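J.: What follows is a single structure, and I will ask about it in a moment.
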Amino acid sequence: MRIEKQGTGPEHTVSMKIRYAAKTDVGMKRTHNEDYFSLIEDEQLFLVADGMGGHASGEVASKMAAETISEFYQRTRDDEDATWPYKMDRSLSYIENRMVCSIKLANLRIFETSMRDIRYKGMGTTIVAVMVCGDKIYVGHVGDSRAYRIRDGDIDQLTRDHSLLEDYKEAKPDMTEEEERNFPHKNVITRALGMRETVQVDIRAHQIKSGDVYVLCSDGLSGMVTDPQIKDITLNAKSLERAVAELVDSANRSGGTDNITTLLLQCIAA
């Protein structure tokens with residue numbers, strides 16, 4: 001399955017113009033695509049989800065996550081008095097609470113569906129979401145789908161994978177690149193939507209600089225294409241649309257062992 005989308009989001013009061021492009025591909029080894037990307041232009045909210053589970057239930061989980069988050073944003077935008085299913089965290093801003101709450105609600109819906117219907121037993125999904133509000137970008141995630149920022153010729157990973165490998169690296173800070181490559185459980189994630197009734201969502205706000213490019217991706221991209229390669233392909237492409245196509249092609253040339261999804265945002269001060 002191939003999906004491409006490009007456009008310009010609405011300008012905010014701080015006048016940050018958003019351009020975006022996205023693409024998803026089944027890869028070279030899989031028979032169906034369990035990745036899903038979505039965007040809610042009115043909110044300048046962008047999502048990438050990587051589903052898991054047998055018999056195509058990963059497809060159900062990733063799409064359910066995106067739809068649940070979208071529905072929550074729609075409901076809370078149209079009705080300021082709408083009841084939230086989770087209490088506000090006083091340490092977070094309203095914007096951060098809204099994103100965290102939407103992701104927690106998606107987790108609960110996936111978990112309850114998997115418990116209720118044997119066809120979906122064990123299904124789950126990662127999620128990485130970014131929301132642009134004025135001159136800030138809010139990044140929330142669960143699992144190993146990633147968000148990067150490309151700024152002034154450098155690339156920085158803004159998310160930390162919720163994986164056994166990352167836990168092991170924290171416990172063993174002197175781990176070599178060879179040890180990391182040969183780590184036997186590098187694809188095992190420790191946190192995902194649908195695994196348990198509740199989930200912890202990591203969220204952070206970052207200041208936007210005009211010219212920033214943000215990369216959202218599933219591990220089908222980050223596992224096949226190195227960070228420097230992601231940066232170079234993105235910066236050297238003639239357009240965002242070409243960049244997402246070339247990133248997917250690069251992952252497939254490297255083996256394409258998983259579904260591949262990438263979504264690029266470019267922020268320009270208007």
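Residues in the structure tokens are named by chain (A, B, ... in the order shown) and by number from 1 within that chain; ligands are numbered from 1 in the order shown.
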Using only C-alpha atoms, find each residue in segment 82-183 of chain A having at least one atom no more than 9 Å away from segment 55-70 of chain A; report its shortest atom-to-atom pair and that distance in Å (one decimal), rows by chain then rising number, as a Markdown table.
T.:
| residue | atom | partner | partner_atom | distance |
| --- | --- | --- | --- | --- |
| A:Met99 | CA | A:Ile69 | CA | 8.1 |
| A:Cys101 | CA | A:Ile69 | CA | 8.8 |
| A:Ser102 | CA | A:Ile69 | CA | 4.9 |
| A:Ile103 | CA | A:Ile69 | CA | 6.3 |
| A:Leu105 | CA | A:Thr68 | CA | 7.2 |
| A:Ala106 | CA | A:Ala65 | CA | 4.9 |
| A:Asn107 | CA | A:Ala65 | CA | 7.2 |
| A:Arg109 | CA | A:Thr68 | CA | 7.9 |
| A:Ile110 | CA | A:Ala61 | CA | 6.2 |
| A:Arg119 | CA | A:Ser57 | CA | 7.5 |
| A:Tyr120 | CA | A:Ser57 | CA | 5.5 |
| A:Lys121 | CA | A:Ser57 | CA | 8.3 |
| A:Gly122 | CA | A:Ser57 | CA | 8.5 |
| A:Met123 | CA | A:Gly58 | CA | 5.8 |
| A:Gly124 | CA | A:Ala61 | CA | 5.5 |
| A:Thr125 | CA | A:Ser62 | CA | 5.4 |
| A:Thr126 | CA | A:Ser62 | CA | 7.6 |
| A:Ile127 | CA | A:Ala65 | CA | 7.8 |
J.: Residues as selected, N, CA and C atoms, written as a PDB file, in the first residue's frame, can you do that?
T.:
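For reference, part-v2.pdb as written:
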ATOM      1  N   MET A  99      -3.072  15.998  24.666  1.00  0.00           N
ATOM      2  CA  MET A  99      -2.435  14.959  23.866  1.00  0.00           C
ATOM      3  C   MET A  99      -2.283  13.660  24.655  1.00  0.00           C
ATOM      4  N   CYS A 101      -4.029  12.622  27.202  1.00  0.00           N
ATOM      5  CA  CYS A 101      -5.340  12.035  27.432  1.00  0.00           C
ATOM      6  C   CYS A 101      -5.838  11.295  26.189  1.00  0.00           C
ATOM      7  N   SER A 102      -5.637  11.885  25.025  1.00  0.00           N
ATOM      8  CA  SER A 102      -6.097  11.245  23.785  1.00  0.00           C
ATOM      9  C   SER A 102      -5.368   9.928  23.542  1.00  0.00           C
ATOM     10  N   ILE A 103      -4.083   9.889  23.840  1.00  0.00           N
ATOM     11  CA  ILE A 103      -3.298   8.672  23.635  1.00  0.00           C
ATOM     12  C   ILE A 103      -3.678   7.608  24.662  1.00  0.00           C
ATOM     13  N   LEU A 105      -6.594   7.305  26.019  1.00  0.00           N
ATOM     14  CA  LEU A 105      -7.909   6.820  25.609  1.00  0.00           C
ATOM     15  C   LEU A 105      -7.775   5.812  24.467  1.00  0.00           C
ATOM     16  N   ALA A 106      -6.870   6.083  23.529  1.00  0.00           N
ATOM     17  CA  ALA A 106      -6.622   5.135  22.439  1.00  0.00           C
ATOM     18  C   ALA A 106      -6.109   3.811  22.997  1.00  0.00           C
ATOM     19  N   ASN A 107      -5.205   3.890  23.965  1.00  0.00           N
ATOM     20  CA  ASN A 107      -4.686   2.677  24.599  1.00  0.00           C
ATOM     21  C   ASN A 107      -5.816   1.849  25.200  1.00  0.00           C
ATOM     22  N   ARG A 109      -9.037   1.855  24.516  1.00  0.00           N
ATOM     23  CA  ARG A 109      -9.943   1.306  23.499  1.00  0.00           C
ATOM     24  C   ARG A 109      -9.324   0.079  22.825  1.00  0.00           C
ATOM     25  N   ILE A 110      -8.044   0.138  22.529  1.00  0.00           N
ATOM     26  CA  ILE A 110      -7.373  -1.012  21.906  1.00  0.00           C
ATOM     27  C   ILE A 110      -7.325  -2.190  22.882  1.00  0.00           C
ATOM     28  N   ARG A 119     -10.427 -12.357  18.023  1.00  0.00           N
ATOM     29  CA  ARG A 119      -9.720 -12.082  16.770  1.00  0.00           C
ATOM     30  C   ARG A 119      -8.603 -11.064  16.967  1.00  0.00           C
ATOM     31  N   TYR A 120      -8.744 -10.217  17.992  1.00  0.00           N
ATOM     32  CA  TYR A 120      -7.791  -9.131  18.196  1.00  0.00           C
ATOM     33  C   TYR A 120      -6.936  -9.321  19.443  1.00  0.00           C
ATOM     34  N   LYS A 121      -6.940 -10.530  19.975  1.00  0.00           N
ATOM     35  CA  LYS A 121      -6.161 -10.788  21.187  1.00  0.00           C
ATOM     36  C   LYS A 121      -4.677 -10.484  20.946  1.00  0.00           C
ATOM     37  N   GLY A 122      -4.095  -9.699  21.847  1.00  0.00           N
ATOM     38  CA  GLY A 122      -2.668  -9.399  21.756  1.00  0.00           C
ATOM     39  C   GLY A 122      -2.312  -8.271  20.809  1.00  0.00           C
ATOM     40  N   MET A 123      -3.300  -7.611  20.217  1.00  0.00           N
ATOM     41  CA  MET A 123      -2.956  -6.537  19.280  1.00  0.00           C
ATOM     42  C   MET A 123      -2.490  -5.296  20.049  1.00  0.00           C
ATOM     43  N   GLY A 124      -1.706  -4.508  19.380  1.00  0.00           N
ATOM     44  CA  GLY A 124      -1.203  -3.272  19.982  1.00  0.00           C
ATOM     45  C   GLY A 124      -0.597  -2.397  18.909  1.00  0.00           C
ATOM     46  N   THR A 125      -0.111  -1.242  19.308  1.00  0.00           N
ATOM     47  CA  THR A 125       0.521  -0.336  18.352  1.00  0.00           C
ATOM     48  C   THR A 125       1.416   0.655  19.076  1.00  0.00           C
ATOM     49  N   THR A 126       2.439   1.079  18.404  1.00  0.00           N
ATOM     50  CA  THR A 126       3.213   2.228  18.870  1.00  0.00           C
ATOM     51  C   THR A 126       2.488   3.483  18.405  1.00  0.00           C
ATOM     52  N   ILE A 127       2.893   4.619  18.927  1.00  0.00           N
ATOM     53  CA  ILE A 127       2.355   5.893  18.453  1.00  0.00           C
ATOM     54  C   ILE A 127       3.410   6.972  18.660  1.00  0.00           C
TER      55      ILE A 127
END
J.: DSSP on the backbone, alpha helix (DSSP H) only: what residues of segment 5-214 of chain A does that give? Format it as an NGL selection string.
T.: :A and (57-78 or 94-116 or 164-171 or 177-181)
J.: Report the closest atom pair, with its distance in Å rounded to one decimal, for each residue of segment 67-169 of chain A that has an atom no farther than 8 Å from segment 30-43 of chain A; count only C-alpha atoms, sort by chain and then rising residue number, and write it as a Markdown table.
T.:
| residue | atom | partner | partner_atom | distance |
| --- | --- | --- | --- | --- |
| A:Ser70 | CA | A:Ile40 | CA | 6.9 |
| A:Tyr73 | CA | A:Glu43 | CA | 7.9 |
| A:Met131 | CA | A:Glu43 | CA | 7.2 |
| A:Val132 | CA | A:Glu43 | CA | 7.9 |
J.: How would the residues just picked look written out with N, CA and C atoms as a short mmCIF file (atom, residue, chain, number, x, y, z; two decimals), in the first residue's frame?
T.:
data_model
loop_
_atom_site.label_atom_id
_atom_site.label_comp_id
_atom_site.auth_asym_id
_atom_site.auth_seq_id
_atom_site.Cartn_x
_atom_site.Cartn_y
_atom_site.Cartn_z
N SER A 70 -8.16 11.29 17.01
CA SER A 70 -8.86 12.30 16.21
C SER A 70 -10.24 12.61 16.79
N TYR A 73 -9.94 14.78 19.94
CA TYR A 73 -9.64 16.19 19.61
C TYR A 73 -10.87 16.88 19.05
N MET A 131 2.31 17.97 17.68
CA MET A 131 1.33 19.04 17.49
C MET A 131 2.06 20.37 17.47
N VAL A 132 1.83 21.14 16.43
CA VAL A 132 2.44 22.46 16.32
C VAL A 132 1.45 23.48 16.86
#
J.: For Gly223 of chain A, which residue out of A:Ser145, A:Arg242, A:Ile208, A:Glu177 is the nearest one, using only C-alpha atoms?
T.: A:Ser145
J.: Let's see if you can do this: from backbone DSSP, list all strand (DSSP E or B) residues in segment 127-262 of chain A, as a ChimeraX atom specification.
T.: /A:127-133,136-142,146-151,154-157,163,189,193,202-207,213-217,260-262
J.: Can those selected residues be exported to a file as a PDB file, in the first residue's frame so that it contains C-alpha atoms?
T.:
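New file out-v4.pdb:
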ATOM      1  CA  ILE A 127       2.355   5.893  18.453  1.00  0.00           C
ATOM      2  CA  VAL A 128       4.342   9.066  17.859  1.00  0.00           C
ATOM      3  CA  ALA A 129       2.403  12.323  17.659  1.00  0.00           C
ATOM      4  CA  VAL A 130       3.440  15.925  17.184  1.00  0.00           C
ATOM      5  CA  MET A 131       1.335  19.037  17.487  1.00  0.00           C
ATOM      6  CA  VAL A 132       2.439  22.461  16.319  1.00  0.00           C
ATOM      7  CA  CYS A 133       1.078  25.332  18.383  1.00  0.00           C
ATOM      8  CA  LYS A 136       6.319  25.279  19.908  1.00  0.00           C
ATOM      9  CA  ILE A 137       6.031  21.667  18.871  1.00  0.00           C
ATOM     10  CA  TYR A 138       4.730  19.059  21.303  1.00  0.00           C
ATOM     11  CA  VAL A 139       6.004  15.500  20.896  1.00  0.00           C
ATOM     12  CA  GLY A 140       4.217  12.573  22.544  1.00  0.00           C
ATOM     13  CA  HIS A 141       5.028   8.900  22.048  1.00  0.00           C
ATOM     14  CA  VAL A 142       4.688   5.322  23.229  1.00  0.00           C
ATOM     15  CA  ARG A 146      10.422   8.035  16.482  1.00  0.00           C
ATOM     16  CA  ALA A 147      10.486  11.784  16.056  1.00  0.00           C
ATOM     17  CA  TYR A 148      13.632  13.541  14.805  1.00  0.00           C
ATOM     18  CA  ARG A 149      14.451  17.203  14.306  1.00  0.00           C
ATOM     19  CA  ILE A 150      16.723  18.367  11.509  1.00  0.00           C
ATOM     20  CA  ARG A 151      18.091  21.830  12.264  1.00  0.00           C
ATOM     21  CA  ASP A 154      22.198  18.392  12.341  1.00  0.00           C
ATOM     22  CA  ILE A 155      19.712  15.640  13.200  1.00  0.00           C
ATOM     23  CA  ASP A 156      18.546  14.941  16.756  1.00  0.00           C
ATOM     24  CA  GLN A 157      16.278  12.175  17.976  1.00  0.00           C
ATOM     25  CA  SER A 163      12.601  -1.009  24.078  1.00  0.00           C
ATOM     26  CA  ILE A 189       9.427  -3.052  22.868  1.00  0.00           C
ATOM     27  CA  LEU A 193      -0.775   0.963  23.221  1.00  0.00           C
ATOM     28  CA  ASP A 202       6.178  10.482  27.261  1.00  0.00           C
ATOM     29  CA  ILE A 203       5.646  14.083  26.164  1.00  0.00           C
ATOM     30  CA  ARG A 204       7.905  17.101  25.710  1.00  0.00           C
ATOM     31  CA  ALA A 205       7.622  20.571  24.225  1.00  0.00           C
ATOM     32  CA  HIS A 206      10.343  22.001  21.977  1.00  0.00           C
ATOM     33  CA  GLN A 207      10.876  25.502  20.643  1.00  0.00           C
ATOM     34  CA  VAL A 213      12.215  19.796   9.577  1.00  0.00           C
ATOM     35  CA  TYR A 214      10.619  17.169  11.822  1.00  0.00           C
ATOM     36  CA  VAL A 215      10.659  13.502  10.852  1.00  0.00           C
ATOM     37  CA  LEU A 216       8.119  11.036  12.239  1.00  0.00           C
ATOM     38  CA  CYS A 217       8.714   7.399  11.355  1.00  0.00           C
ATOM     39  CA  ILE A 260       7.923   1.695   6.346  1.00  0.00           C
ATOM     40  CA  THR A 261       6.222   4.970   7.174  1.00  0.00           C
ATOM     41  CA  THR A 262       7.636   8.465   7.318  1.00  0.00           C
TER      42      THR A 262
END
J.: Using only C-alpha atoms, which residue out of A:Arg98, A:Arg116, A:Lys209, A:Lys231 lies closest to Thr76 of chain A?
T.: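 Distance minimum relative to Thr76 of chain A lands on A:Arg98.
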J.: For atom CA of Asp258 of chain A and atom CA of Val26 of chain A, determine how far apart the two atoms are, in Å to one decimal place.
T.: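 Here the two named atoms are 7.1 Å from each other.
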J.: How many Å lie between atom CA of Asn187 of chain A and atom CA of Val48 of chain A, rounded to one decimal?
T.: 17.7 Å
J.: Rounded to one decimal, what separation in Å do you get between atom CA of Ile118 of chain A and atom CA of Gly194 of chain A?
T.: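 Between these atoms lies a distance of 14.0 Å.
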J.: Which polymer residues have any atom within 9 Å of an atom of Ser15 of chain A, counting only C-alpha atoms, with same-chain residues fewer than 5 positions away left out, as number ranges by chain?
T.: A: 134-135, 268-270
J.: Would you please work out which residue, of A:Lys172, A:Leu164, A:Asp227, A:Asn252, is nearest to Arg191 of chain A when using only C-alpha atoms?
T.: A:Leu164
J.: Identify, on the basis of only C-alpha atoms, every residue whose closest approach to Lys186 of chain A does not exceed 12 Å; exclude the query and any residue fewer than 6 positions from it along the same chain; express the result as a PyMOL selection string.
T.: chain A and resi 144+161-169+179-180+219+223
J.: Write out as a PyMOL selection string each polymer residue whose atoms come within 10 Å of Ala237 of chain A, counting only C-alpha atoms; drop sequence neighbours fewer than 6 positions from it.
T.: chain A and resi 243-247
